[in-house]
>>> print(open('coords_35.cif').read())   # mmCIF, N, CA and C atoms
data_start
loop_
_atom_site.group_PDB
_atom_site.id
_atom_site.type_symbol
_atom_site.label_atom_id
_atom_site.label_comp_id
_atom_site.auth_asym_id
_atom_site.auth_seq_id
_atom_site.Cartn_x
_atom_site.Cartn_y
_atom_site.Cartn_z
ATOM 1 N N MET A 17 6.093 -19.447 -10.288
ATOM 2 C CA MET A 17 5.043 -19.413 -9.289
ATOM 3 C C MET A 17 4.488 -17.995 -9.212
ATOM 4 N N ALA A 18 3.204 -17.867 -9.227
ATOM 5 C CA ALA A 18 2.553 -16.563 -9.177
ATOM 6 C C ALA A 18 2.547 -16.026 -7.742
ATOM 7 N N ILE A 19 2.646 -14.728 -7.629
ATOM 8 C CA ILE A 19 2.605 -14.100 -6.316
ATOM 9 C C ILE A 19 1.159 -14.029 -5.835
ATOM 10 N N GLU A 20 0.984 -14.240 -4.573
ATOM 11 C CA GLU A 20 -0.335 -14.105 -3.973
ATOM 12 C C GLU A 20 -0.626 -12.630 -3.774
ATOM 13 N N LYS A 21 -1.869 -12.282 -3.667
ATOM 14 C CA LYS A 21 -2.232 -10.905 -3.372
ATOM 15 C C LYS A 21 -1.820 -10.588 -1.940
ATOM 16 N N ILE A 22 -1.302 -9.377 -1.749
ATOM 17 C CA ILE A 22 -0.855 -8.968 -0.421
ATOM 18 C C ILE A 22 -1.405 -7.583 -0.102
ATOM 19 N N THR A 23 -1.444 -7.271 1.159
ATOM 20 C CA THR A 23 -1.929 -5.964 1.574
ATOM 21 C C THR A 23 -0.914 -4.881 1.239
ATOM 22 N N LEU A 24 -1.380 -3.666 1.223
ATOM 23 C CA LEU A 24 -0.487 -2.535 0.987
ATOM 24 C C LEU A 24 0.586 -2.488 2.059
ATOM 25 N N LEU A 25 0.215 -2.715 3.300
ATOM 26 C CA LEU A 25 1.187 -2.707 4.397
ATOM 27 C C LEU A 25 2.292 -3.721 4.139
ATOM 28 N N ALA A 26 1.920 -4.937 3.747
ATOM 29 C CA ALA A 26 2.910 -5.982 3.472
ATOM 30 C C ALA A 26 3.779 -5.615 2.275
ATOM 31 N N ALA A 27 3.173 -5.059 1.227
ATOM 32 C CA ALA A 27 3.943 -4.659 0.042
ATOM 33 C C ALA A 27 4.957 -3.580 0.403
ATOM 34 N N ARG A 28 4.519 -2.616 1.193
ATOM 35 C CA ARG A 28 5.415 -1.528 1.609
ATOM 36 C C ARG A 28 6.571 -2.065 2.436
ATOM 37 N N LYS A 29 6.263 -2.934 3.392
ATOM 38 C CA LYS A 29 7.317 -3.483 4.249
ATOM 39 C C LYS A 29 8.264 -4.385 3.469
ATOM 40 N N MET A 30 7.738 -5.163 2.518
ATOM 41 C CA MET A 30 8.597 -6.017 1.692
ATOM 42 C C MET A 30 9.553 -5.171 0.856
ATOM 43 N N ALA A 31 9.112 -3.968 0.493
ATOM 44 C CA ALA A 31 9.960 -3.063 -0.277
ATOM 45 C C ALA A 31 10.927 -2.296 0.623
ATOM 46 N N GLY A 32 10.792 -2.476 1.940
ATOM 47 C CA GLY A 32 11.688 -1.819 2.888
ATOM 48 C C GLY A 32 11.439 -0.326 3.019
ATOM 49 N N LEU A 33 10.186 0.074 2.838
ATOM 50 C CA LEU A 33 9.837 1.488 2.882
ATOM 51 C C LEU A 33 9.041 1.848 4.130
ATOM 52 N N THR A 34 9.253 3.053 4.613
ATOM 53 C CA THR A 34 8.405 3.596 5.674
ATOM 54 C C THR A 34 7.195 4.245 5.011
ATOM 55 N N GLN A 35 6.196 4.585 5.806
ATOM 56 C CA GLN A 35 5.048 5.300 5.257
ATOM 57 C C GLN A 35 5.503 6.626 4.654
ATOM 58 N N ARG A 36 6.425 7.288 5.315
ATOM 59 C CA ARG A 36 6.934 8.579 4.838
ATOM 60 C C ARG A 36 7.618 8.426 3.479
ATOM 61 N N GLU A 37 8.434 7.385 3.331
ATOM 62 C CA GLU A 37 9.141 7.163 2.069
ATOM 63 C C GLU A 37 8.176 6.848 0.926
ATOM 64 N N LEU A 38 7.184 6.002 1.210
ATOM 65 C CA LEU A 38 6.196 5.677 0.184
ATOM 66 C C LEU A 38 5.404 6.926 -0.185
ATOM 67 N N ALA A 39 5.024 7.701 0.816
ATOM 68 C CA ALA A 39 4.270 8.928 0.571
ATOM 69 C C ALA A 39 5.052 9.871 -0.335
ATOM 70 N N LYS A 40 6.318 10.075 -0.026
ATOM 71 C CA LYS A 40 7.150 10.975 -0.822
ATOM 72 C C LYS A 40 7.260 10.484 -2.260
ATOM 73 N N ALA A 41 7.463 9.185 -2.432
ATOM 74 C CA ALA A 41 7.599 8.612 -3.774
ATOM 75 C C ALA A 41 6.303 8.725 -4.580
ATOM 76 N N CYS A 42 5.169 8.731 -3.879
ATOM 77 C CA CYS A 42 3.865 8.799 -4.552
ATOM 78 C C CYS A 42 3.308 10.214 -4.621
ATOM 79 N N GLY A 43 3.993 11.166 -3.996
ATOM 80 C CA GLY A 43 3.537 12.546 -4.044
ATOM 81 C C GLY A 43 2.311 12.834 -3.198
ATOM 82 N N VAL A 44 2.192 12.099 -2.084
ATOM 83 C CA VAL A 44 1.073 12.306 -1.162
ATOM 84 C C VAL A 44 1.616 12.484 0.249
ATOM 85 N N SER A 45 0.737 12.782 1.182
ATOM 86 C CA SER A 45 1.165 12.939 2.569
ATOM 87 C C SER A 45 1.302 11.579 3.248
ATOM 88 N N GLU A 46 2.046 11.577 4.332
ATOM 89 C CA GLU A 46 2.186 10.353 5.128
ATOM 90 C C GLU A 46 0.822 9.918 5.665
ATOM 91 N N GLY A 47 -0.011 10.893 6.010
ATOM 92 C CA GLY A 47 -1.360 10.592 6.496
ATOM 93 C C GLY A 47 -2.200 9.877 5.451
ATOM 94 N N THR A 48 -1.991 10.221 4.191
ATOM 95 C CA THR A 48 -2.732 9.553 3.116
ATOM 96 C C THR A 48 -2.336 8.087 3.033
ATOM 97 N N VAL A 49 -1.051 7.794 3.135
ATOM 98 C CA VAL A 49 -0.596 6.398 3.123
ATOM 99 C C VAL A 49 -1.196 5.658 4.321
ATOM 100 N N HIS A 50 -1.209 6.292 5.462
ATOM 101 C CA HIS A 50 -1.800 5.697 6.663
ATOM 102 C C HIS A 50 -3.275 5.356 6.409
ATOM 103 N N ARG A 51 -4.010 6.283 5.803
ATOM 104 C CA ARG A 51 -5.433 6.036 5.530
ATOM 105 C C ARG A 51 -5.621 4.922 4.508
ATOM 106 N N TRP A 52 -4.723 4.838 3.515
ATOM 107 C CA TRP A 52 -4.794 3.733 2.565
ATOM 108 C C TRP A 52 -4.608 2.408 3.281
ATOM 109 N N GLU A 53 -3.603 2.346 4.149
ATOM 110 C CA GLU A 53 -3.304 1.090 4.844
ATOM 111 C C GLU A 53 -4.411 0.683 5.806
ATOM 112 N N LYS A 54 -5.087 1.641 6.383
ATOM 113 C CA LYS A 54 -6.177 1.339 7.314
ATOM 114 C C LYS A 54 -7.499 1.079 6.605
ATOM 115 N N GLY A 55 -7.540 1.273 5.289
ATOM 116 C CA GLY A 55 -8.768 1.047 4.537
ATOM 117 C C GLY A 55 -9.761 2.183 4.681
ATOM 118 N N ILE A 56 -9.304 3.328 5.165
ATOM 119 C CA ILE A 56 -10.174 4.487 5.343
ATOM 120 C C ILE A 56 -10.404 5.185 4.010
ATOM 121 N N LYS A 57 -9.391 5.147 3.161
ATOM 122 C CA LYS A 57 -9.441 5.808 1.860
ATOM 123 C C LYS A 57 -8.760 4.908 0.840
ATOM 124 N N ASP A 58 -9.269 4.907 -0.384
ATOM 125 C CA ASP A 58 -8.661 4.132 -1.465
ATOM 126 C C ASP A 58 -7.828 5.048 -2.351
ATOM 127 N N PRO A 59 -6.704 4.554 -2.831
ATOM 128 C CA PRO A 59 -5.919 5.341 -3.787
ATOM 129 C C PRO A 59 -6.629 5.370 -5.139
ATOM 130 N N THR A 60 -6.339 6.393 -5.919
ATOM 131 C CA THR A 60 -6.843 6.424 -7.296
ATOM 132 C C THR A 60 -6.091 5.360 -8.082
ATOM 133 N N ILE A 61 -6.556 5.071 -9.282
ATOM 134 C CA ILE A 61 -5.864 4.073 -10.099
ATOM 135 C C ILE A 61 -4.450 4.536 -10.423
ATOM 136 N N THR A 62 -4.278 5.822 -10.661
ATOM 137 C CA THR A 62 -2.943 6.363 -10.934
ATOM 138 C C THR A 62 -2.047 6.190 -9.719
ATOM 139 N N GLN A 63 -2.587 6.465 -8.535
ATOM 140 C CA GLN A 63 -1.816 6.293 -7.304
ATOM 141 C C GLN A 63 -1.497 4.825 -7.071
ATOM 142 N N ALA A 64 -2.463 3.948 -7.322
ATOM 143 C CA ALA A 64 -2.249 2.508 -7.133
ATOM 144 C C ALA A 64 -1.132 2.003 -8.048
ATOM 145 N N LYS A 65 -1.110 2.487 -9.280
ATOM 146 C CA LYS A 65 -0.051 2.088 -10.213
ATOM 147 C C LYS A 65 1.307 2.578 -9.721
ATOM 148 N N LYS A 66 1.355 3.786 -9.184
ATOM 149 C CA LYS A 66 2.604 4.337 -8.654
ATOM 150 C C LYS A 66 3.053 3.533 -7.436
ATOM 151 N N ILE A 67 2.131 3.172 -6.576
ATOM 152 C CA ILE A 67 2.453 2.354 -5.404
ATOM 153 C C ILE A 67 3.088 1.043 -5.863
ATOM 154 N N GLY A 68 2.463 0.397 -6.835
ATOM 155 C CA GLY A 68 3.006 -0.851 -7.361
ATOM 156 C C GLY A 68 4.403 -0.678 -7.925
ATOM 157 N N GLU A 69 4.590 0.398 -8.666
ATOM 158 C CA GLU A 69 5.901 0.684 -9.251
ATOM 159 C C GLU A 69 6.951 0.876 -8.157
ATOM 160 N N VAL A 70 6.613 1.655 -7.154
ATOM 161 C CA VAL A 70 7.553 1.956 -6.067
ATOM 162 C C VAL A 70 7.855 0.699 -5.244
ATOM 163 N N CYS A 71 6.832 -0.120 -5.014
ATOM 164 C CA CYS A 71 6.999 -1.331 -4.192
ATOM 165 C C CYS A 71 7.528 -2.518 -4.993
ATOM 166 N N GLY A 72 7.596 -2.382 -6.311
ATOM 167 C CA GLY A 72 8.118 -3.472 -7.137
ATOM 168 C C GLY A 72 7.157 -4.633 -7.283
ATOM 169 N N ILE A 73 5.869 -4.326 -7.329
ATOM 170 C CA ILE A 73 4.843 -5.356 -7.456
ATOM 171 C C ILE A 73 3.737 -4.810 -8.356
ATOM 172 N N TYR A 74 3.086 -5.684 -9.098
ATOM 173 C CA TYR A 74 1.990 -5.254 -9.945
ATOM 174 C C TYR A 74 0.872 -4.725 -9.054
ATOM 175 N N TYR A 75 0.365 -3.551 -9.364
ATOM 176 C CA TYR A 75 -0.618 -2.909 -8.486
ATOM 177 C C TYR A 75 -1.873 -3.745 -8.270
ATOM 178 N N ASP A 76 -2.232 -4.565 -9.231
ATOM 179 C CA ASP A 76 -3.438 -5.391 -9.093
ATOM 180 C C ASP A 76 -3.244 -6.521 -8.090
ATOM 181 N N ASP A 77 -2.005 -6.773 -7.679
ATOM 182 C CA ASP A 77 -1.734 -7.801 -6.679
ATOM 183 C C ASP A 77 -1.767 -7.242 -5.256
ATOM 184 N N ILE A 78 -1.997 -5.938 -5.136
ATOM 185 C CA ILE A 78 -2.049 -5.310 -3.817
ATOM 186 C C ILE A 78 -3.502 -5.185 -3.376
ATOM 187 N N ILE A 79 -3.769 -5.625 -2.175
ATOM 188 C CA ILE A 79 -5.101 -5.521 -1.597
ATOM 189 C C ILE A 79 -5.159 -4.221 -0.807
ATOM 190 N N PHE A 80 -6.046 -3.335 -1.191
ATOM 191 C CA PHE A 80 -6.189 -2.061 -0.500
ATOM 192 C C PHE A 80 -7.306 -2.151 0.531
ATOM 193 N N LEU A 81 -7.115 -3.041 1.472
ATOM 194 C CA LEU A 81 -8.037 -3.223 2.580
ATOM 195 C C LEU A 81 -7.218 -3.195 3.864
ATOM 196 N N PRO A 82 -7.881 -2.945 4.978
ATOM 197 C CA PRO A 82 -7.131 -2.931 6.233
ATOM 198 C C PRO A 82 -6.635 -4.319 6.621
ATOM 199 N N CYS A 83 -5.504 -4.336 7.302
ATOM 200 C CA CYS A 83 -5.005 -5.581 7.869
ATOM 201 C C CYS A 83 -5.806 -5.909 9.108
ATOM 202 N N VAL A 84 -6.077 -7.146 9.294
ATOM 203 C CA VAL A 84 -6.798 -7.581 10.481
ATOM 204 C C VAL A 84 -5.816 -8.297 11.375
ATOM 205 N N THR A 85 -5.695 -7.836 12.590
ATOM 206 C CA THR A 85 -4.834 -8.479 13.557
ATOM 207 C C THR A 85 -5.692 -9.284 14.515
ATOM 208 N N ILE A 86 -5.393 -10.537 14.621
ATOM 209 C CA ILE A 86 -6.148 -11.414 15.522
ATOM 210 C C ILE A 86 -5.319 -11.627 16.772
ATOM 211 N N LYS A 87 -5.870 -11.222 17.882
ATOM 212 C CA LYS A 87 -5.172 -11.407 19.163
ATOM 213 C C LYS A 87 -5.682 -12.686 19.798
ATOM 214 N N SER A 88 -4.747 -13.461 20.325
ATOM 215 C CA SER A 88 -5.163 -14.723 20.954
ATOM 216 C C SER A 88 -5.200 -14.590 22.448
#
>>> encode(input="coords_35.cif", output="structure tokens")
Amino acid sequence: MAIEKITLLAARKMAGLTQRELAKACGVSEGTVHRWEKGIKDPTITQAKKIGEVCGIYYDDIIFLPCVTIKS
């Protein structure tokens, strides 16, 4: 079964990583990871590949868009 595309936030959490841990593994600041997750800034292709490697998922399966929370 193929994996569905998931957000960066979901990929990071599935890998059991904090923003700080992902940032350190990717060689960027925690603020940069925050901006990626909020959709304020996109990672470079090299960074996206590293994110995928660190999170254990193919980088093309990660959606680099903000998560939308729907409040009821």
>>> atom_distance(input="coords_35.cif", atom1="atom N of Leu24 of chain A", atom2="atom CA of Gly55 of chain A")
9.4 Å
>>> residues_around(input="coords_35.cif", residues="Val44 of chain A", least_positions_apart="3", cutoff="12 Å", atoms="only C-alpha atoms", output="MDAnalysis selection string")
chainID A and resid 35:41 47:52 59:60 63:64 66:67
>>> atom_distance(input="coords_35.cif", atom1="atom CA of Lys54 of chain A", atom2="atom CA of Phe80 of chain A")
8.5 Å
>>> atom_distance(input="coords_35.cif", atom1="atom CA of Val70 of chain A", atom2="atom C of Gly32 of chain A")
10.1 Å
>>> residues_around(input="coords_35.cif", residues="Lys21 of chain A", least_positions_apart="5", cutoff="8 Å", atoms="only N, CA and C atoms", output="PyMOL selection string")
chain A and resi 76-79
>>> select_by_dssp(input="coords_35.cif", residues="chain A", states="strand (DSSP E)", output="list of chain:residue names")
A:Ile22, A:Thr23, A:Ile78, A:Ile79
>>> closest_residue(input="coords_35.cif", among="A:Gly43, A:Glu53, A:Thr62, A:Ile73", to="Thr23 of chain A", atoms="only N, CA and C atoms")
A:Glu53
>>> select_by_dssp(input="coords_35.cif", residues="segment 20-83 of chain A", states="helix (DSSP H, G or I)", output="number ranges by chain")
A: 24-30, 35-42, 46-54, 61-71, 75-77
>>> closest_residue(input="coords_35.cif", among="A:Cys42, A:Ile61, A:Ile56, A:Cys71", to="Lys29 of chain A", atoms="only N, CA and C atoms")
A:Cys71
>>> axis_aligned_box(input="coords_35.cif", around="segment 38-44 of chain A", padding_each_side="5 Å", output="AutoDock Vina command-line options")
--center_x 4.3 --center_y 9.3 --center_z -1.7 --size_x 16.5 --size_y 17.2 --size_z 15.8
>>> build_atoms(input="coords_35.cif", residues="segment 57-68 of chain A", atoms="all heavy atoms", output="tab-separated table (two decimals), in the frame of the given file")
chain	number	residue	atom	x	y	z
A	57	LYS	N	-9.39	5.15	3.16
A	57	LYS	CA	-9.44	5.81	1.86
A	57	LYS	C	-8.76	4.91	0.84
A	57	LYS	O	-7.79	4.22	1.17
A	57	LYS	CB	-8.72	7.15	1.94
A	57	LYS	CG	-8.76	7.95	0.68
A	57	LYS	CD	-8.12	9.31	0.86
A	57	LYS	CE	-8.22	10.04	-0.48
A	57	LYS	NZ	-7.76	11.39	-0.42
A	58	ASP	N	-9.27	4.91	-0.38
A	58	ASP	CA	-8.66	4.13	-1.46
A	58	ASP	C	-7.83	5.05	-2.35
A	58	ASP	O	-8.23	6.18	-2.62
A	58	ASP	CB	-9.74	3.48	-2.34
A	58	ASP	CG	-10.49	2.38	-1.63
A	58	ASP	OD1	-9.88	1.70	-0.78
A	58	ASP	OD2	-11.68	2.20	-1.91
A	59	PRO	N	-6.70	4.55	-2.83
A	59	PRO	CA	-5.92	5.34	-3.79
A	59	PRO	C	-6.63	5.37	-5.14
A	59	PRO	O	-7.41	4.47	-5.46
A	59	PRO	CB	-4.60	4.58	-3.88
A	59	PRO	CG	-4.95	3.18	-3.53
A	59	PRO	CD	-6.07	3.27	-2.54
A	60	THR	N	-6.34	6.39	-5.92
A	60	THR	CA	-6.84	6.42	-7.30
A	60	THR	C	-6.09	5.36	-8.08
A	60	THR	O	-5.08	4.83	-7.63
A	60	THR	CB	-6.60	7.80	-7.94
A	60	THR	OG1	-5.19	8.01	-8.06
A	60	THR	CG2	-7.25	8.93	-7.14
A	61	ILE	N	-6.56	5.07	-9.28
A	61	ILE	CA	-5.86	4.07	-10.10
A	61	ILE	C	-4.45	4.54	-10.42
A	61	ILE	O	-3.51	3.73	-10.42
A	61	ILE	CB	-6.67	3.72	-11.38
A	61	ILE	CG1	-6.06	2.52	-12.10
A	61	ILE	CG2	-6.74	4.90	-12.32
A	61	ILE	CD1	-6.17	1.22	-11.37
A	62	THR	N	-4.28	5.82	-10.66
A	62	THR	CA	-2.94	6.36	-10.93
A	62	THR	C	-2.05	6.19	-9.72
A	62	THR	O	-0.88	5.79	-9.84
A	62	THR	CB	-3.03	7.86	-11.32
A	62	THR	OG1	-3.87	7.97	-12.47
A	62	THR	CG2	-1.67	8.44	-11.63
A	63	GLN	N	-2.59	6.46	-8.54
A	63	GLN	CA	-1.82	6.29	-7.30
A	63	GLN	C	-1.50	4.82	-7.07
A	63	GLN	O	-0.39	4.48	-6.67
A	63	GLN	CB	-2.58	6.87	-6.11
A	63	GLN	CG	-2.69	8.38	-6.12
A	63	GLN	CD	-3.68	8.91	-5.11
A	63	GLN	OE1	-4.67	8.26	-4.78
A	63	GLN	NE2	-3.43	10.12	-4.63
A	64	ALA	N	-2.46	3.95	-7.32
A	64	ALA	CA	-2.25	2.51	-7.13
A	64	ALA	C	-1.13	2.00	-8.05
A	64	ALA	O	-0.29	1.20	-7.63
A	64	ALA	CB	-3.54	1.74	-7.39
A	65	LYS	N	-1.11	2.49	-9.28
A	65	LYS	CA	-0.05	2.09	-10.21
A	65	LYS	C	1.31	2.58	-9.72
A	65	LYS	O	2.31	1.86	-9.81
A	65	LYS	CB	-0.34	2.62	-11.61
A	65	LYS	CG	-1.48	1.88	-12.30
A	65	LYS	CD	-1.77	2.46	-13.67
A	65	LYS	CE	-2.89	1.69	-14.36
A	65	LYS	NZ	-3.19	2.22	-15.70
A	66	LYS	N	1.36	3.79	-9.18
A	66	LYS	CA	2.60	4.34	-8.65
A	66	LYS	C	3.05	3.53	-7.44
A	66	LYS	O	4.24	3.23	-7.28
A	66	LYS	CB	2.42	5.82	-8.30
A	66	LYS	CG	3.68	6.49	-7.81
A	66	LYS	CD	4.72	6.57	-8.91
A	66	LYS	CE	5.94	7.32	-8.44
A	66	LYS	NZ	6.99	7.36	-9.46
A	67	ILE	N	2.13	3.17	-6.58
A	67	ILE	CA	2.45	2.35	-5.40
A	67	ILE	C	3.09	1.04	-5.86
A	67	ILE	O	4.10	0.61	-5.33
A	67	ILE	CB	1.19	2.08	-4.55
A	67	ILE	CG1	0.68	3.37	-3.91
A	67	ILE	CG2	1.46	1.00	-3.50
A	67	ILE	CD1	-0.73	3.27	-3.36
A	68	GLY	N	2.46	0.40	-6.84
A	68	GLY	CA	3.01	-0.85	-7.36
A	68	GLY	C	4.40	-0.68	-7.92
A	68	GLY	O	5.29	-1.49	-7.66
